[in-house]
>>> print(open('data_18.tsv').read())   # TSV, C-alpha atoms and all ligand atoms
chain	number	residue	atom	x	y	z
A	110	MET	CA	142.78	-33.66	175.86
A	111	ARG	CA	145.28	-31.42	177.59
A	112	ASP	CA	146.63	-30.26	174.24
A	113	LEU	CA	143.14	-29.37	173.11
A	114	ALA	CA	142.51	-27.35	176.24
A	115	TYR	CA	145.89	-25.58	176.33
A	116	PRO	CA	147.14	-24.92	172.83
A	117	HIS	CA	148.31	-21.39	173.68
A	118	ASN	CA	151.34	-21.73	175.96
A	119	GLY	CA	149.17	-22.68	178.91
A	120	LYS	CA	146.97	-19.60	178.51
A	121	VAL	CA	143.18	-19.73	178.42
A	122	ARG	CA	141.63	-18.85	175.09
A	123	PHE	CA	137.88	-19.32	174.68
A	124	ASN	CA	136.52	-19.87	171.16
A	125	ARG	CA	133.68	-17.77	169.75
A	126	ARG	CA	130.90	-20.10	170.94
A	127	GLU	CA	132.41	-20.21	174.41
A	128	ARG	CA	132.72	-16.41	174.53
A	129	ASP	CA	129.05	-16.04	173.52
A	130	LEU	CA	128.11	-18.42	176.30
A	131	GLY	CA	130.44	-16.62	178.73
A	132	GLU	CA	128.71	-13.28	178.09
A	133	LEU	CA	125.37	-14.79	179.14
A	134	LEU	CA	126.91	-16.67	182.05
A	135	ALA	CA	128.47	-13.44	183.33
A	136	ALA	CA	124.96	-11.96	183.33
A	137	ALA	CA	124.05	-14.74	185.81
A	138	MET	CA	121.80	-16.59	183.37
A	139	ARG	CA	121.07	-20.23	184.11
A	140	PRO	CA	122.21	-22.88	181.59
A	141	LYS	CA	118.63	-23.65	180.50
A	142	ILE	CA	118.04	-19.97	179.63
A	143	ILE	CA	121.47	-19.67	177.98
A	144	ALA	CA	120.65	-22.72	175.83
A	145	GLU	CA	117.40	-21.06	174.71
A	146	HIS	CA	119.19	-17.80	173.88
A	147	LEU	CA	121.91	-19.55	171.88
A	148	GLU	CA	119.41	-22.00	170.32
A	149	ILE	CA	121.44	-25.00	171.40
A	150	ALA	CA	120.43	-28.13	173.33
A	151	ASN	CA	120.58	-27.97	177.11
A	152	SER	CA	123.11	-30.83	177.07
A	153	THR	CA	125.29	-28.94	174.59
A	154	CYS	CA	125.20	-25.91	176.86
A	155	HIS	CA	126.38	-28.01	179.82
A	156	GLU	CA	129.11	-29.65	177.70
A	157	ARG	CA	130.36	-26.23	176.65
A	158	ILE	CA	130.39	-24.99	180.24
A	159	ASP	CA	132.34	-28.12	181.29
A	160	ALA	CA	134.87	-27.51	178.49
A	161	MET	CA	135.29	-23.88	179.59
A	162	CYS	CA	135.82	-24.99	183.22
A	163	LEU	CA	138.51	-27.39	182.03
A	164	LYS	CA	140.26	-24.66	180.05
A	165	ALA	CA	140.06	-22.11	182.87
A	166	LYS	CA	141.05	-24.74	185.49
A	167	VAL	CA	138.02	-24.04	187.65
A	168	SER	CA	135.76	-26.65	189.21
A	169	ASP	CA	132.23	-25.53	188.39
A	170	ARG	CA	129.91	-22.95	186.81
A	171	ALA	CA	130.05	-20.60	189.81
A	172	GLU	CA	133.85	-20.55	189.66
A	173	LEU	CA	133.69	-20.03	185.91
A	174	MET	CA	131.54	-16.93	186.47
A	175	LEU	CA	134.09	-15.70	188.99
A	176	TYR	CA	136.89	-16.45	186.52
A	177	ILE	CA	135.17	-14.26	183.90
A	178	TYR	CA	134.77	-11.41	186.43
A	179	GLN	CA	138.45	-11.68	187.30
A	180	ASN	CA	139.44	-11.95	183.63
A	181	PRO	CA	136.95	-9.88	181.64
A	182	THR	CA	139.26	-9.91	178.62
A	183	SER	CA	138.73	-13.69	178.43
A	184	LEU	CA	135.55	-12.78	176.50
A	185	ASP	CA	137.53	-10.77	173.92
A	186	PRO	CA	138.58	-12.51	170.70
A	187	GLY	CA	142.25	-13.48	170.63
A	188	SER	CA	142.78	-12.87	174.33
A	189	ALA	CA	144.96	-15.18	176.41
A	190	ASN	CA	144.58	-15.26	180.20
A	191	GLU	CA	146.23	-17.27	182.93
A	192	PRO	CA	144.14	-20.24	184.06
A	193	GLY	CA	142.77	-20.52	187.59
A	194	LEU	CA	141.20	-18.12	190.06
A	195	HIS	CA	143.22	-15.51	191.93
A	196	ALA	CA	144.67	-16.89	195.15
A	197	VAL	CA	143.33	-15.87	198.54
A	198	GLY	CA	145.64	-13.05	199.57
A	199	CYS	CA	145.95	-11.64	196.04
A	200	HIS	CA	145.91	-7.83	196.09
A	201	CYS	CA	145.31	-7.08	192.43
A	202	GLY	CA	142.11	-5.23	193.40
A	203	LYS	CA	140.08	-6.53	190.45
A	204	PRO	CA	136.35	-7.10	190.96
A	205	GLY	CA	135.71	-10.68	192.01
A	206	CYS	CA	139.28	-11.17	193.26
A	207	LEU	CA	139.38	-13.72	196.05
A	208	GLY	CA	141.91	-11.67	197.99
A	209	ARG	CA	139.55	-8.70	197.94
A	210	ILE	CA	136.64	-10.86	199.11
A	211	ALA	CA	138.76	-12.34	201.92
A	212	GLU	CA	139.76	-8.80	202.89
A	213	ARG	CA	136.10	-7.75	203.09
A	214	LEU	CA	135.23	-10.73	205.26
A	215	ARG	CA	138.08	-9.89	207.66
A	216	THR	CA	137.02	-6.27	208.04
A	217	ALA	CA	133.27	-6.98	208.21
B	1	ZN	ZN	143.46	-10.84	192.39
>>> encode(input="data_18.tsv", output="structure tokens")
Amino acid sequence: MRDLAYPHNGKVRFNRRERDLGELLAAAMRPKIIAEHLEIANSTCHERIDAMCLKAKVSDRAELMLYIYQNPTSLDPGSANEPGLHAVGCHCGKPGCLGRIAERLRTA
């Protein structure tokens, strides 16, 4: 299972179907609507989301959305991104970065 999820030196690489799903997920579409758009079963849509979460090392759909915001190139063919969300305290400044969000909360 691990080999299937991480065949690229530990980097995250989504396949074409996953990237198509990711585009719709990043637009905040719900799985039921995504399934209709992609003309796949609702259960297939959820299975694909679960597989993407496993690859990206995130725990759920909301975190997967955040992962895509932090790693927009993950939706490009042939891209390879580090798994996991940015740590709290990260100062990369990318949209959706947890460090940036934590910073905002502190200064609010
Ligand atoms: Zn960051």
>>> closest_atom_pairs(input="data_18.tsv", of="chain A", to="ligand ZN 1 (chain B)", cutoff="6 Å", atoms="only C-alpha atoms and all ligand atoms", output="Markdown table")
| residue | atom | partner | partner_atom | distance |
| --- | --- | --- | --- | --- |
| A:His195 | CA | B:ZN1 | ZN | 4.7 |
| A:Cys199 | CA | B:ZN1 | ZN | 4.5 |
| A:His200 | CA | B:ZN1 | ZN | 5.4 |
| A:Cys201 | CA | B:ZN1 | ZN | 4.2 |
| A:Gly202 | CA | B:ZN1 | ZN | 5.9 |
| A:Lys203 | CA | B:ZN1 | ZN | 5.8 |
| A:Cys206 | CA | B:ZN1 | ZN | 4.3 |
| A:Gly208 | CA | B:ZN1 | ZN | 5.9 |
>>> axis_aligned_box(input="data_18.tsv", around="segment 122-135 of chain A", padding_each_side="8 Å", output="lines of an AutoDock Vina configuration file")
center_x = 133.5
center_y = -16.7
center_z = 176.5
size_x = 32.3
size_y = 22.9
size_z = 29.6
>>> residues_around(input="data_18.tsv", residues="segment 146-150 of chain A", least_positions_apart="6", cutoff="12 Å", atoms="only C-alpha atoms", output="list in words")
Arg126, Glu127, Arg128, Asp129, Leu130, Gly131, Glu132, Leu133, Leu134, Met138, Arg139, Pro140, Glu156 and Arg157 of chain A
>>> residues_around(input="data_18.tsv", residues="Pro192 of chain A", least_positions_apart="3", cutoff="8 Å", atoms="all atoms listed in the file", output="list in words")
Gly119, Lys120, Val121, Lys164, Ala165 and Lys166 of chain A
>>> closest_residue(input="data_18.tsv", among="A:Tyr178, A:Asp185, A:Arg215, A:Cys162", to="Gly198 of chain A", atoms="only C-alpha atoms")
A:Arg215
>>> atom_distance(input="data_18.tsv", atom1="atom CA of Thr216 of chain A", atom2="atom CA of Leu173 of chain A")
26.3 Å
>>> closest_residue(input="data_18.tsv", among="A:Met161, A:Ala136, A:Leu194, A:Ile143", to="Asn124 of chain A", atoms="only C-alpha atoms")
A:Met161
>>> atom_distance(input="data_18.tsv", atom1="atom CA of Lys141 of chain A", atom2="atom CA of Ala160 of chain A")
16.8 Å
>>> atom_distance(input="data_18.tsv", atom1="atom CA of Ile142 of chain A", atom2="atom CA of Ile158 of chain A")
13.3 Å
>>> closest_residue(input="data_18.tsv", among="A:Phe123, A:Asn118, A:Pro204, A:Thr153", to="Gly187 of chain A", atoms="all atoms listed in the file")
A:Phe123
>>> closest_residue(input="data_18.tsv", among="A:Gly205, A:Leu214, A:Cys154, A:Thr182", to="Arg170 of chain A", atoms="all atoms listed in the file")
A:Cys154
